[in-house]
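To be precise, the following lines are final37.txt, and they hold compact mmCIF, C-alpha atoms.
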```
# COMPACT_ATOMS: atom_id res chain seq x y z
CA GLY G 726 35.49 10.59 -17.31
CA SER G 727 36.48 7.09 -16.31
CA SER G 728 34.77 4.20 -18.03
CA PRO G 729 31.98 2.61 -15.98
CA SER G 730 32.44 -0.77 -14.36
CA ALA G 731 29.56 -3.16 -13.89
CA SER G 732 30.84 -4.02 -10.41
CA GLY G 733 30.49 -0.43 -9.17
CA SER G 734 26.98 -0.06 -10.59
CA GLN G 735 23.56 -1.60 -10.26
CA ILE G 736 22.50 -3.69 -13.26
CA VAL G 737 18.79 -3.33 -14.08
CA SER G 738 17.32 -5.93 -16.47
CA LEU G 739 14.06 -6.07 -18.39
CA LYS G 740 12.94 -9.03 -20.46
CA ILE G 741 10.83 -8.23 -23.52
CA GLY G 742 9.85 -11.18 -25.67
CA LYS G 743 12.82 -13.55 -25.71
CA LYS G 744 15.49 -10.88 -25.27
CA SER G 745 16.87 -9.34 -22.10
CA PHE G 746 17.92 -5.69 -22.03
CA GLU G 747 20.20 -4.30 -19.35
CA ILE G 748 21.39 -0.90 -18.20
CA LEU G 749 23.96 0.28 -15.68
CA ALA G 750 22.45 2.49 -13.01
CA LYS G 751 24.40 4.19 -10.26
CA LYS G 752 24.45 2.23 -7.00
CA GLY G 753 21.36 2.94 -4.92
CA ALA G 754 19.79 5.11 -7.65
CA VAL G 755 16.88 2.90 -8.73
CA ALA G 756 14.59 3.55 -5.75
CA PRO G 757 15.14 7.36 -5.69
CA PHE G 758 14.51 7.49 -9.45
CA ARG G 759 11.27 5.51 -9.14
CA GLU G 760 10.12 7.75 -6.30
CA GLY G 761 10.71 10.84 -8.46
CA LYS G 762 13.58 12.05 -6.27
CA MET G 763 16.27 11.68 -8.95
CA ASP G 764 16.54 12.57 -12.65
CA LEU G 765 17.30 9.99 -15.34
CA ASP G 766 20.69 11.58 -16.09
CA ASP G 767 21.74 11.36 -12.45
CA ALA G 768 20.53 7.76 -12.09
CA LEU G 769 22.32 6.30 -15.13
CA GLU G 770 25.99 5.35 -15.07
CA VAL G 771 26.07 5.32 -18.89
CA ASP G 772 23.51 6.18 -21.61
CA GLU G 773 23.59 2.78 -23.27
CA VAL G 774 21.46 -0.37 -23.35
CA PHE G 775 23.21 -3.75 -23.31
CA TYR G 776 22.32 -7.39 -23.92
CA ASP G 777 24.81 -8.18 -21.16
CA ALA G 778 25.98 -5.28 -19.01
CA HIS G 779 28.88 -7.28 -17.54
CA LYS G 780 30.37 -7.69 -21.01
CA PHE G 781 29.26 -4.23 -22.25
CA ALA G 782 27.56 -5.97 -25.22
CA LYS G 783 25.53 -3.09 -26.70
CA CYS G 784 22.07 -3.64 -28.18
CA SER G 785 21.42 -3.00 -31.87
CA SER G 786 19.10 -0.12 -32.81
CA SER G 787 16.78 -2.55 -34.59
CA ASP G 788 16.34 -4.72 -31.45
CA LEU G 789 15.66 -1.63 -29.33
CA ALA G 790 13.10 -0.32 -31.83
CA ALA G 791 11.37 -3.71 -31.99
CA ALA G 792 11.18 -4.04 -28.19
CA PHE G 793 10.61 -0.44 -27.07
CA GLY G 794 9.12 1.27 -30.13
CA THR G 795 12.14 3.61 -30.22
CA SER G 796 15.85 3.15 -30.79
CA ASP G 797 16.77 6.12 -28.59
CA PRO G 798 18.93 4.52 -25.86
CA LEU G 799 17.88 7.11 -23.25
CA GLU G 800 14.16 6.47 -23.74
CA CYS G 801 14.76 2.71 -23.62
CA ALA G 802 16.94 3.08 -20.53
CA GLU G 803 14.18 5.06 -18.81
CA THR G 804 11.68 2.24 -19.42
CA ILE G 805 14.16 -0.35 -18.10
CA LEU G 806 14.88 1.80 -15.03
CA LYS G 807 11.14 2.14 -14.31
CA LYS G 808 10.07 -1.46 -14.90
CA GLY G 809 13.18 -3.63 -14.70
CA THR G 810 14.40 -5.95 -11.98
CA PHE G 811 17.63 -5.42 -10.08
CA SER G 812 19.63 -6.95 -7.28
CA LEU G 813 20.18 -5.06 -4.08
CA SER G 814 23.57 -5.04 -2.39
CA SER G 815 23.68 -7.01 0.87
CA ALA G 816 23.75 -3.72 2.82
CA GLU G 817 20.66 -2.46 0.94
CA LYS G 818 18.89 -5.80 1.50
CA LYS G 819 19.61 -5.64 5.22
CA GLU G 820 18.41 -2.02 5.43
CA LYS G 821 15.21 -2.86 3.57
CA LEU G 822 14.51 -5.90 5.77
CA ASN G 823 15.14 -3.89 8.96
CA ALA G 824 12.74 -1.16 7.79
CA GLN G 825 10.08 -3.76 6.92
CA THR G 826 10.52 -5.56 10.26
CA ASP G 827 10.10 -2.23 12.02
CA ALA G 828 6.92 -1.55 10.00
CA VAL G 829 5.48 -4.97 10.93
CA VAL G 830 6.22 -4.42 14.65
CA SER G 831 4.67 -0.92 14.49
CA GLU G 832 1.54 -2.30 12.82
CA LEU G 833 1.09 -4.96 15.53
CA VAL G 834 1.67 -2.50 18.37
CA ARG G 835 -0.65 0.13 16.88
CA ASN G 836 -3.55 -1.93 15.54
CA TYR G 837 -3.63 -5.14 17.58
CA LYS G 838 -4.39 -5.99 21.21
CA SER G 839 -3.80 -8.98 23.43
CA ILE G 840 -6.79 -11.31 23.70
CA ILE G 841 -5.92 -11.87 27.36
CA THR G 842 -5.17 -8.35 28.65
CA ASN G 843 -7.13 -6.37 26.02
CA GLN G 844 -4.10 -4.02 25.87
CA SER G 845 -1.80 -3.20 22.98
CA PRO G 846 1.41 -5.23 23.14
CA SER G 847 4.76 -3.47 23.67
CA ARG G 848 7.39 -3.33 20.91
CA ASN G 849 9.63 -5.65 22.95
CA GLN G 850 6.87 -8.23 23.38
CA VAL G 851 6.23 -8.29 19.63
CA GLN G 852 9.94 -8.40 18.72
CA ASP G 853 10.57 -11.25 21.19
CA ALA G 854 7.57 -13.21 19.90
CA ILE G 855 8.73 -12.80 16.27
CA LYS G 856 12.22 -14.04 17.23
CA ALA G 857 10.90 -16.94 19.29
CA ALA G 858 8.64 -18.13 16.44
CA LYS G 859 11.50 -17.69 13.91
CA VAL G 860 9.14 -15.68 11.69
CA LYS G 861 10.64 -14.75 8.33
CA ILE G 862 9.47 -11.25 7.45
CA GLU G 863 9.40 -10.57 3.70
CA ALA G 864 11.04 -7.31 2.68
CA GLU G 865 9.14 -7.03 -0.63
CA LYS G 866 5.65 -8.05 0.52
CA PRO G 867 3.38 -5.21 1.75
CA VAL G 868 2.90 -5.29 5.53
CA HIS G 869 -0.89 -5.67 5.35
CA LEU G 870 -0.50 -8.83 3.25
CA GLN G 871 1.73 -10.60 5.76
CA VAL G 872 0.47 -9.55 9.22
CA ASP G 873 -2.30 -12.19 9.42
CA GLU G 874 0.21 -15.00 8.97
CA ILE G 875 2.64 -13.40 11.44
CA VAL G 876 -0.11 -13.03 14.09
CA ASP G 877 -0.89 -16.71 13.58
CA ARG G 878 2.78 -17.74 13.85
CA ILE G 879 3.48 -15.80 17.07
CA SER G 880 0.30 -16.97 18.83
CA GLU G 881 2.33 -19.46 20.93
CA SER G 882 3.92 -16.53 22.80
CA ILE G 883 1.31 -13.78 22.40
CA LYS G 884 -2.29 -14.05 21.24
CA LEU G 885 -3.27 -10.92 19.34
CA VAL G 886 -6.52 -9.78 17.77
CA ARG G 887 -6.99 -6.84 15.46
CA HIS G 888 -8.36 -3.79 17.23
CA GLU G 889 -10.94 -2.48 14.77
CA THR G 890 -14.46 -1.14 14.31
CA ASP G 891 -16.74 -2.37 11.51
CA TYR G 892 -18.13 0.08 8.96
CA THR G 893 -20.12 -0.15 5.75
CA MET G 894 -18.64 1.86 2.87
CA ARG G 895 -20.22 2.67 -0.50
CA TRP G 896 -18.61 4.34 -3.49
CA ASP G 897 -18.86 4.58 -7.26
CA ALA G 898 -16.76 2.16 -9.33
CA LYS G 899 -15.53 5.14 -11.41
CA TYR G 900 -13.21 5.94 -8.51
CA GLY G 901 -10.73 3.24 -9.39
CA SER G 902 -8.18 3.60 -6.59
CA VAL G 903 -10.59 3.55 -3.63
CA LEU G 904 -10.34 -0.19 -2.88
CA SER G 905 -6.53 -0.26 -2.81
CA ILE G 906 -6.51 2.79 -0.48
CA ILE G 907 -9.03 1.11 1.86
CA LYS G 908 -6.89 -2.06 1.92
CA ARG G 909 -3.85 -0.02 3.02
CA HIS G 910 -5.66 1.14 6.16
CA ALA G 911 -8.41 -1.38 6.85
CA LYS G 912 -9.47 -4.97 6.42
CA VAL G 913 -12.08 -5.64 3.71
CA LYS G 914 -14.37 -8.35 5.06
CA GLY G 915 -16.88 -8.46 2.25
CA ILE G 916 -17.53 -6.57 -0.98
CA SER G 917 -20.19 -6.50 -3.68
CA LYS G 918 -20.86 -4.44 -6.79
CA SER G 919 -24.32 -3.41 -7.96
CA ALA G 920 -25.54 -3.35 -11.55
CA GLU G 921 -25.32 0.47 -11.39
CA GLY G 922 -21.56 0.23 -10.71
CA LYS G 923 -21.66 0.99 -6.99
CA PHE G 924 -19.41 -0.88 -4.56
CA THR G 925 -20.58 -1.78 -1.05
CA ALA G 926 -17.96 -3.10 1.35
CA GLU G 927 -17.85 -4.17 4.95
CA VAL G 928 -14.55 -2.98 6.38
CA GLY G 929 -12.82 -3.23 9.76
CA ILE G 930 -10.98 0.04 10.46
CA PRO G 931 -8.59 0.33 13.42
CA PRO G 932 -9.16 3.64 15.27
CA SER G 933 -5.52 4.62 14.62
CA GLU G 934 -6.05 4.35 10.84
CA TYR G 935 -9.43 6.09 10.57
CA ASP G 936 -8.28 9.68 10.07
CA MET G 937 -5.56 8.70 7.58
CA LEU G 938 -8.05 6.66 5.55
CA ILE G 939 -10.50 9.58 5.33
CA LYS G 940 -7.66 11.94 4.37
CA ASP G 941 -6.29 9.58 1.68
CA LEU G 942 -9.76 9.05 0.17
CA ARG G 943 -10.55 12.75 -0.19
CA LYS G 944 -8.70 13.43 -3.45
CA PRO G 945 -9.47 10.20 -5.38
CA THR G 946 -13.20 10.51 -4.56
CA ASN G 947 -13.52 14.05 -5.83
CA GLY G 948 -13.55 15.63 -2.38
CA GLY G 949 -15.34 12.88 -0.46
CA ASP G 950 -18.02 11.43 -2.73
CA TYR G 951 -18.63 8.18 -0.83
CA GLU G 952 -20.54 6.93 2.19
CA ILE G 953 -19.29 5.40 5.42
CA GLU G 954 -21.30 4.41 8.46
CA LEU G 955 -20.81 2.35 11.57
CA ILE G 956 -22.40 -1.05 11.11
CA GLU G 957 -23.89 -1.14 14.62
CA GLN G 958 -25.16 2.38 14.08
CA ALA G 959 -26.91 1.29 10.91
CA SER G 960 -28.59 -1.66 12.59
CA LYS G 961 -29.28 -0.28 16.08
CA GLY G 962 -29.64 3.42 15.39
CA ILE G 963 -26.95 4.31 17.91
CA GLU G 964 -26.16 8.00 17.52
CA ASP G 965 -23.69 8.25 20.34
CA VAL G 966 -20.57 6.85 18.68
CA LYS G 967 -17.00 7.25 19.83
CA TYR G 968 -15.46 7.94 16.41
CA PRO G 969 -15.96 10.92 14.13
CA ARG G 970 -19.22 10.23 12.40
CA ILE G 971 -19.70 10.67 8.71
CA VAL G 972 -23.14 11.45 7.46
CA SER G 973 -24.13 9.57 4.34
CA ASN G 974 -24.03 11.00 0.83
CA PHE G 975 -27.47 12.41 1.20
CA GLY G 976 -26.79 14.43 4.33
CA VAL G 977 -29.39 12.51 6.32
CA ALA G 978 -29.06 9.96 9.10
CA PRO G 979 -28.41 6.39 7.87
CA GLY G 980 -31.66 4.53 7.41
CA ASN G 981 -33.52 7.58 6.06
CA GLU G 982 -31.57 7.88 2.80
CA LYS G 983 -33.49 8.68 -0.34
CA LYS G 984 -33.05 5.90 -2.84
CA LYS G 985 -32.71 8.13 -5.89
CA GLY G 986 -31.63 11.57 -6.83
CA LYS G 987 -28.37 13.38 -6.33
CA GLY G 988 -27.71 14.24 -2.75
CA LYS G 989 -25.03 16.30 -1.12
CA LYS G 990 -21.56 14.89 -0.84
CA HIS G 991 -20.92 13.41 2.56
CA ARG G 992 -20.09 15.81 5.35
CA GLU G 993 -17.85 14.92 8.21
CA THR G 994 -19.40 15.78 11.52
CA LYS G 995 -17.83 15.58 14.92
CA SER G 996 -19.81 13.35 17.20
CA ALA G 997 -20.99 14.81 20.50
CA ALA G 998 -19.49 11.86 22.32
CA LYS G 999 -15.74 12.13 22.66
```

Could you show the structure in this file as structure tokens?
Amino acid sequence: GSSPSASGSQIVSLKIGKKSFEILAKKGAVAPFREGKMDLDDALEVDEVFYDAHKFAKCSSSDLAAAFGTSDPLECAETILKKGTFSLSSAEKKEKLNAQTDAVVSELVRNYKSIITNQSPSRNQVQDAIKAAKVKIEAEKPVHLQVDEIVDRISESIKLVRHETDYTMRWDAKYGSVLSIIKRHAKVKGISKSAEGKFTAEVGIPPSEYDMLIKDLRKPTNGGDYEIELIEQASKGIEDVKYPRIVSNFGVAPGNEKKKGKGKKHRETKSAAK
């Protein structure tokens, strides 16, 4: 076939120690490869590792072995493709920023309400407020890590507050991914860990995120081995709640839990009040 050109490819670089290693990937192939939608062979323009891909300066086997523990260029290229940094084309950058802007607007429309009207804002209201405040949305930063600042910045035109209900959640520290899943759907307001390795967190969950959070937690908690209860329910004994109620680990109403002993895994129950 024709020889590859660095200009028609995407250069992916990885620095290990003092040396940089580069590969030539096909344009737009890095993201699909990392998402498991493309094979290594289809993602690479050429099965070589370079010190400088623009000059096609190939790496020595000894440098590859020292950096990657193997001198096989394909194995090294796979590591670089997975972990390396790369520049997006201006079209890709624009597409990514547009998608992220859309995600931010959706988050504000879905999970926030106006302090004044108590209603969710419209997409147009949010878009206009973002423009008016000249807010710079970051394409690489997760939405949940930038919304607080955006809400603050647009408060001149529209004052928003997060629409959420407070719950207490408890789970075993052995379930390592639970906290990051909770943070994707809810706001963690306080967290502590007991000597026995149990986490207790106070979390604000928007009604629109509740079902997705429960669904996403099922697998990593071995089918639902955690507790969640409404905070007001725990303190006031209110049974008549508007959201699906989850009975604690022990299958008894919150407040009557046994302190020791293995109980049943939590059951989801539909509340009588709809």

Please define a box with edges along x, y and z of the file around all atoms of segment 932-936 of chain G given in the file, extend it by 5 Å on each side, and return its centre and edge lengths in Å to one decimal, as lines of an AutoDock Vina configuration file.
```
center_x = -7.5
center_y = 6.7
center_z = 12.7
size_x = 13.9
size_y = 16.0
size_z = 15.2
```

(Q) as JSON, numbers by chain, please: the residues near segment 771-774 of chain G (cut-off 12 Å, only C-alpha atoms, same-chain neighbours under 2 positions excluded). (A) {"G": [726, 727, 728, 729, 730, 731, 734, 735, 736, 737, 738, 739, 745, 746, 747, 748, 749, 750, 751, 765, 766, 767, 768, 769, 776, 777, 778, 779, 780, 781, 782, 783, 784, 785, 786, 788, 789, 790, 792, 793, 796, 797, 798, 799, 800, 801, 802, 803, 804, 805, 806]}

Q.
Residues near Val860 of chain G, anyone? I mean within 10 Å using all atoms listed in the file, not counting same-chain ones fewer than 5 positions away, as number ranges by chain.
A. G: 854-855, 874-876, 878-879

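Atom pair atom CA of Lys918 of chain G / atom CA of Ile953 of chain G: separated by 15.8 Å.
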
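Nearest to Glu954 of chain G of all the residues G:Thr893, G:Ser933, G:Gln850, G:Gln871 is G:Thr893, counting only C-alpha atoms.
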